[in-house]
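The structure appears below as structure tokens.
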Amino acid sequence: TKLILLDSLLQERIMKITGIRYYQADLPLVDGDYCWADGKSVSEYDSTIVEVLTDDGITGYGEVVPLGPNYLPSYAAGVRAGIRELGPKLIGLNPLEHKVLNEAMDYNLKGHPYVKSGIDMACWDILGKVTNLPVNTLLGGNMNPDGVIMYRAISQGTPKSMVDLILKYKKEGYTRFQLKLGGDPEDDIERIKQCRAVLQPKDVLVGDANTGWSAHQALRVVSAVKDVDVYIEQPCRTYQECLTIRKKTSHPFVLDENMDDIHSVLQQYKDGCADVINIKISKFGGITKAKQAIDLCAEMGVAMTVEDTWGGDITTAAILHLSHSVPSKLQFTSTDFNSYNKLSTGTMRGVEMRDGRMNLPTGAGLGVEPNWNILGEPQFVVGKDV
């Protein structure tokens with residue numbers, strides 16, 4: 001009955017996008033520089049917050065925060081340049097019709113999924129506010145009523161500095177840790193061994209090379225830690241290299257950078273290349289396409305980490321809504337990016353972290369309100385400034 005009423009409501013609801021704004025915020029980090037493969041690092045993240053305005057006066061919010069300019073083919077200034085190009089072409093479209101909206105975005109701007117992510121996210125926020133439902137309900141409901149399992153990313157450093165960070169966050173309740181590797185193989189072997197040694201048997205450790213190893217280096221590492229309880233994530237740059245390593249190790253295997261649409265997800269399933277898929281919202285182009293990947297993985301029985309490249313409170317809210325829609329047995333991890341930052345881009349309603357799990361935001365839409373004291377005035381406005 002509720003679904004019939006919802007369908008009827010949406011069929012009758014004619015709504016138009018009248019304006020798009022974006023804001024920018026710098027996000028300094030709690031633990032200092034965040035370092036990963038090949039000497040890459042970021043000391044402050046550049047967040048773009050998107051506001052979609054409608055003729056009904058209902059407003060939705062999204063957020064995109066690339067992991068610097070040299071992680072994926074995305075960068076912060078590119079988000080804003082893309083919105084300036086794409087935004088005017090979306091005025092007059094119905095923000096409740098997500099398939100139509102995504103088709104229009106793909107037609108008017110080829111590629112650049114990260115540019116579209118914040119707009120799509122904001123339109124899901126609008127849909128929730130129109131229907132007075134949480135986005136998670138619109139995605140199919142809460143499959144993880146006890147909360148989703150969160151991991152903590154451990155910035156690359158000396159084995160001791162990484163152990164110290166693990167111990168710090170174990171005290172806060174985290175039980176899953178992702179080591180940033182992809183450096184010298186000997187150093188990475190020591191990082192894995194020393195970090196695993198301070199964990200409990202039920203704790204989960206992931207060694208994420210972020211494409212930093214060549215195939216022969218990856219083989220050396222997985223051979224050296226063959227008796228260590230650790231997941232291996234994205235060891236090499238290309239899918240073929242990762243498939244080669246997958247066939248030569250018994251460690252559980254995670255793919256991330258190579259998984260950016262449903263076609264790549266299907267290919268890895270055919271090849272048996274991964275036990276876990278990392279679905280990043282902006283890498284897929286927003287909630288709409290991330291949901292497609294989640295539903296596909298659920299049907300195939302592939303476990304998932306649902307997250308984004310980085311984010312503040314708005315991104316974290318979207319992660320929580322999506323990750324709670326994952327079947328509990330397939331929900332591997334998510335992460336609360338807002339807790340890595342010294343500043344908050346918004347305030348989530350009703351969210352708590354308990355025993356390494358985080359619950360859904362409450363209220364309609366994404367359940368998050370922007371922090372206007374941080375965001376200030378918009379840097380760009382297109383359409384009617386309602």
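To be explicit about the labels: the chains of the structure tokens are called A, B, and onward in the order shown, and within each one the residues are counted from 1, while ligands get numbers from 1 in the order they are shown.
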
Would you please extract all helix (DSSP H, G or I) residues from segment 123-214 of chain A, as assigned by DSSP on the backbone, and give them as a PyMOL selection string? chain A and resi 123-131+135-138+159-170+185-197

Only N, CA and C atoms, please: the residues just picked out, written as a CSV table (one decimal), in the first residue's frame.
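Writing the result to again_32.csv gives the following:
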```
chain,number,residue,atom,x,y,z
A,123,CYS,N,19.5,15.3,-5.4
A,123,CYS,CA,18.2,14.9,-5.9
A,123,CYS,C,17.5,13.8,-5.1
A,124,TRP,N,18.3,12.9,-4.6
A,124,TRP,CA,17.8,11.8,-3.7
A,124,TRP,C,17.4,12.5,-2.4
A,125,ASP,N,18.1,13.5,-1.9
A,125,ASP,CA,17.8,14.2,-0.7
A,125,ASP,C,16.4,14.9,-0.9
A,126,ILE,N,16.2,15.4,-2.1
A,126,ILE,CA,14.9,16.1,-2.4
A,126,ILE,C,13.8,15.0,-2.4
A,127,LEU,N,14.0,13.9,-3.1
A,127,LEU,CA,13.0,12.9,-3.1
A,127,LEU,C,12.6,12.4,-1.7
A,128,GLY,N,13.6,12.3,-0.8
A,128,GLY,CA,13.2,11.9,0.5
A,128,GLY,C,12.4,13.0,1.2
A,129,LYS,N,12.7,14.2,1.0
A,129,LYS,CA,12.0,15.3,1.6
A,129,LYS,C,10.6,15.4,1.1
A,130,VAL,N,10.4,15.2,-0.2
A,130,VAL,CA,9.1,15.2,-0.8
A,130,VAL,C,8.2,14.1,-0.3
A,131,THR,N,8.8,12.9,-0.1
A,131,THR,CA,8.0,11.8,0.3
A,131,THR,C,8.0,11.7,1.9
A,135,VAL,N,16.2,8.4,2.7
A,135,VAL,CA,16.7,7.9,1.5
A,135,VAL,C,16.9,6.4,1.6
A,136,ASN,N,17.3,5.8,2.7
A,136,ASN,CA,17.4,4.4,2.8
A,136,ASN,C,16.1,3.6,2.6
A,137,THR,N,15.0,4.2,3.0
A,137,THR,CA,13.7,3.6,2.7
A,137,THR,C,13.5,3.5,1.3
A,138,LEU,N,13.8,4.6,0.6
A,138,LEU,CA,13.6,4.7,-0.9
A,138,LEU,C,14.5,3.7,-1.6
A,159,PRO,N,56.0,1.2,10.5
A,159,PRO,CA,55.2,0.2,11.2
A,159,PRO,C,54.7,0.7,12.5
A,160,LYS,N,55.6,1.3,13.3
A,160,LYS,CA,55.2,1.8,14.7
A,160,LYS,C,54.1,2.8,14.6
A,161,SER,N,54.3,3.8,13.7
A,161,SER,CA,53.3,4.9,13.7
A,161,SER,C,51.9,4.3,13.3
A,162,MET,N,51.9,3.3,12.4
A,162,MET,CA,50.7,2.7,12.0
A,162,MET,C,50.1,1.8,13.1
A,163,VAL,N,50.9,1.1,13.8
A,163,VAL,CA,50.4,0.4,15.0
A,163,VAL,C,49.8,1.3,16.0
A,164,ASP,N,50.5,2.5,16.2
A,164,ASP,CA,49.9,3.5,17.2
A,164,ASP,C,48.6,4.0,16.8
A,165,LEU,N,48.3,4.2,15.5
A,165,LEU,CA,47.0,4.6,15.0
A,165,LEU,C,46.0,3.5,15.2
A,166,ILE,N,46.3,2.3,15.0
A,166,ILE,CA,45.4,1.2,15.2
A,166,ILE,C,45.0,1.1,16.6
A,167,LEU,N,46.0,1.2,17.5
A,167,LEU,CA,45.6,1.1,19.0
A,167,LEU,C,44.8,2.3,19.4
A,168,LYS,N,45.0,3.5,18.8
A,168,LYS,CA,44.2,4.7,19.1
A,168,LYS,C,42.8,4.4,18.7
A,169,TYR,N,42.5,3.9,17.5
A,169,TYR,CA,41.2,3.7,17.1
A,169,TYR,C,40.5,2.4,17.6
A,170,LYS,N,41.3,1.5,18.0
A,170,LYS,CA,40.7,0.3,18.7
A,170,LYS,C,40.0,0.8,20.0
A,185,PRO,N,58.2,-3.1,-0.9
A,185,PRO,CA,57.6,-4.4,-0.5
A,185,PRO,C,58.1,-4.8,0.9
A,186,GLU,N,59.4,-4.6,1.2
A,186,GLU,CA,59.9,-5.0,2.5
A,186,GLU,C,59.2,-4.2,3.6
A,187,ASP,N,59.1,-2.9,3.4
A,187,ASP,CA,58.4,-2.1,4.4
A,187,ASP,C,56.9,-2.5,4.6
A,188,ASP,N,56.3,-2.8,3.5
A,188,ASP,CA,54.9,-3.2,3.5
A,188,ASP,C,54.7,-4.5,4.3
A,189,ILE,N,55.6,-5.4,4.1
A,189,ILE,CA,55.5,-6.7,4.8
A,189,ILE,C,55.6,-6.5,6.3
A,190,GLU,N,56.5,-5.6,6.7
A,190,GLU,CA,56.6,-5.4,8.1
A,190,GLU,C,55.4,-4.6,8.6
A,191,ARG,N,54.9,-3.7,7.8
A,191,ARG,CA,53.6,-3.0,8.3
A,191,ARG,C,52.5,-4.0,8.5
A,192,ILE,N,52.3,-5.0,7.6
A,192,ILE,CA,51.3,-5.9,7.8
A,192,ILE,C,51.5,-6.8,9.0
A,193,LYS,N,52.7,-7.3,9.2
A,193,LYS,CA,53.0,-8.2,10.3
A,193,LYS,C,52.9,-7.5,11.6
A,194,GLN,N,53.4,-6.3,11.7
A,194,GLN,CA,53.4,-5.7,13.0
A,194,GLN,C,52.0,-5.2,13.4
A,195,CYS,N,51.2,-4.8,12.4
A,195,CYS,CA,49.8,-4.3,12.7
A,195,CYS,C,48.9,-5.5,13.0
A,196,ARG,N,49.1,-6.6,12.3
A,196,ARG,CA,48.3,-7.8,12.7
A,196,ARG,C,48.5,-8.3,14.1
A,197,ALA,N,49.8,-8.1,14.5
A,197,ALA,CA,50.2,-8.6,15.8
A,197,ALA,C,49.5,-8.0,17.0
```

Sorted by chain and rising residue number, which residues of segment 232-280 of chain A lie within 12 Å of segment 313-332 of chain A, and what are their closest atom pairs and distances in Å to one decimal, counting only C-alpha atoms, as CSV?
```
residue,atom,partner,partner_atom,distance
A:Pro252,CA,A:Phe332,CA,11.9
A:Val254,CA,A:Phe332,CA,10.4
A:Asp275,CA,A:Leu330,CA,10.0
A:Val276,CA,A:Phe332,CA,7.5
A:Ile277,CA,A:Phe332,CA,9.1
A:Asn278,CA,A:Phe332,CA,9.3
A:Ile279,CA,A:Ser323,CA,9.7
A:Lys280,CA,A:Ile319,CA,8.7
```

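Nearest-residue note for Ser155 of chain A: choosing from A:Gly78, A:Gly92, A:Gly60, A:Gly39, the minimum distance belongs to A:Gly39, counting only C-alpha atoms.
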
Find the spatial neighbours of segment 256-273 of chain A, counting only C-alpha atoms, within a cut-off of 7 Å - ignore same-chain residues fewer than 4 positions away - and output them as a list in words.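 Answer for this query is Gln234, Tyr239, Leu243, Arg246, Ile277, Asn278, Lys283, Phe284 and Ala293 of chain A.
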
Dump of N, CA and C atoms for the selected residues, as a PDB file, in the first residue's frame:
```pdb
ATOM      1  N   GLN A 234      43.400  -4.208  -4.056  1.00  0.00           N
ATOM      2  CA  GLN A 234      43.899  -3.506  -5.241  1.00  0.00           C
ATOM      3  C   GLN A 234      45.430  -3.428  -5.262  1.00  0.00           C
ATOM      4  N   TYR A 239      43.596  -4.208 -14.135  1.00  0.00           N
ATOM      5  CA  TYR A 239      42.752  -5.345 -13.755  1.00  0.00           C
ATOM      6  C   TYR A 239      43.450  -6.666 -14.036  1.00  0.00           C
ATOM      7  N   LEU A 243      44.177  -9.685 -11.442  1.00  0.00           N
ATOM      8  CA  LEU A 243      43.670 -11.046 -11.678  1.00  0.00           C
ATOM      9  C   LEU A 243      44.797 -12.061 -11.560  1.00  0.00           C
ATOM     10  N   ARG A 246      45.499 -12.471  -7.888  1.00  0.00           N
ATOM     11  CA  ARG A 246      44.360 -13.185  -7.290  1.00  0.00           C
ATOM     12  C   ARG A 246      44.519 -14.694  -7.462  1.00  0.00           C
ATOM     13  N   ILE A 277      33.965  -6.029  -3.315  1.00  0.00           N
ATOM     14  CA  ILE A 277      34.022  -4.916  -4.255  1.00  0.00           C
ATOM     15  C   ILE A 277      33.874  -3.611  -3.467  1.00  0.00           C
ATOM     16  N   ASN A 278      34.717  -2.637  -3.786  1.00  0.00           N
ATOM     17  CA  ASN A 278      34.606  -1.328  -3.157  1.00  0.00           C
ATOM     18  C   ASN A 278      33.798  -0.407  -4.073  1.00  0.00           C
ATOM     19  N   LYS A 283      32.763   7.653  -7.675  1.00  0.00           N
ATOM     20  CA  LYS A 283      33.424   6.885  -8.737  1.00  0.00           C
ATOM     21  C   LYS A 283      32.396   6.326  -9.710  1.00  0.00           C
ATOM     22  N   PHE A 284      31.200   5.994  -9.190  1.00  0.00           N
ATOM     23  CA  PHE A 284      30.127   5.469 -10.038  1.00  0.00           C
ATOM     24  C   PHE A 284      29.249   6.586 -10.604  1.00  0.00           C
ATOM     25  N   ALA A 293      24.980  -0.902  -8.755  1.00  0.00           N
ATOM     26  CA  ALA A 293      26.101  -1.796  -8.453  1.00  0.00           C
ATOM     27  C   ALA A 293      25.841  -2.609  -7.187  1.00  0.00           C
TER      28      ALA A 293
END
```

If we count only C-alpha atoms, what is near Trp213 of chain A at a cut-off of 8 Å, once residues fewer than 6 positions away on the same chain are taken out, given as a PyMOL selection string? chain A and resi 182-183+185+235-237

Those residues you just picked out, can you put them in a file as a tab-separated table (two decimals), in the first residue's frame with C-alpha atoms?
```
chain	number	residue	atom	x	y	z
A	182	GLY	CA	51.88	0.31	-1.96
A	183	GLY	CA	55.37	1.33	-0.89
A	185	PRO	CA	57.60	-4.36	-0.45
A	235	PRO	CA	47.56	-4.55	-5.37
A	236	CYS	CA	48.27	-3.35	-8.92
A	237	ARG	CA	47.18	-0.70	-11.40
```

Among segment 134-373 of chain A, which residues carry a DSSP assignment of strand (DSSP E or B), reported as a PyMOL selection string? chain A and resi 134+148-154+176-180+204-208+231-233+253-255+276-280+303-307+331-334+341+346-348+353-354+357-358+365+368-370

Would you kindly return, as a list in words, each protein, DNA or RNA residue with an atom no farther than 9 Å from any atom of segment 26-28 of chain A, considering only C-alpha atoms and excluding same-chain residues fewer than 4 positions away? Gly32, Asp33, Ser43, Glu44, Tyr45, Asp46, Ser47, Gly311, Gly312, Tyr340, Asn341, Lys342, Leu343, Ser344 and Thr345 of chain A

Under the rule of at most 12 Å, produce a per-residue listing of segment 93-166 of chain A near segment 66-69 of chain A: chain, number, name, the closest pair of atoms, and the distance in Å, as a Markdown table, using only C-alpha atoms.
```
| residue | atom | partner | partner_atom | distance |
| --- | --- | --- | --- | --- |
| A:Pro113 | CA | A:Pro66 | CA | 11.6 |
| A:Tyr114 | CA | A:Pro66 | CA | 8.1 |
| A:Val115 | CA | A:Pro66 | CA | 10.1 |
| A:Ser117 | CA | A:Pro66 | CA | 11.2 |
| A:Gly118 | CA | A:Pro66 | CA | 11.6 |
```

Pick from A:Gly356, A:Gly365, A:Gly301, A:Gly376, whichever lies nearest to Glu172 of chain A using only C-alpha atoms: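 With only C-alpha atoms as the atom set, the closest residue is A:Gly356.
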
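Note that atom CA of Met150 of chain A and atom CA of Arg349 of chain A are 18.1 Å apart.
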
Give me, as a PyMOL selection string, all polymer residues having an atom no more than 7 Å from Gly207 of chain A, counting only C-alpha atoms and skipping those fewer than 5 positions away in the same chain. chain A and resi 178-181+192+230-233
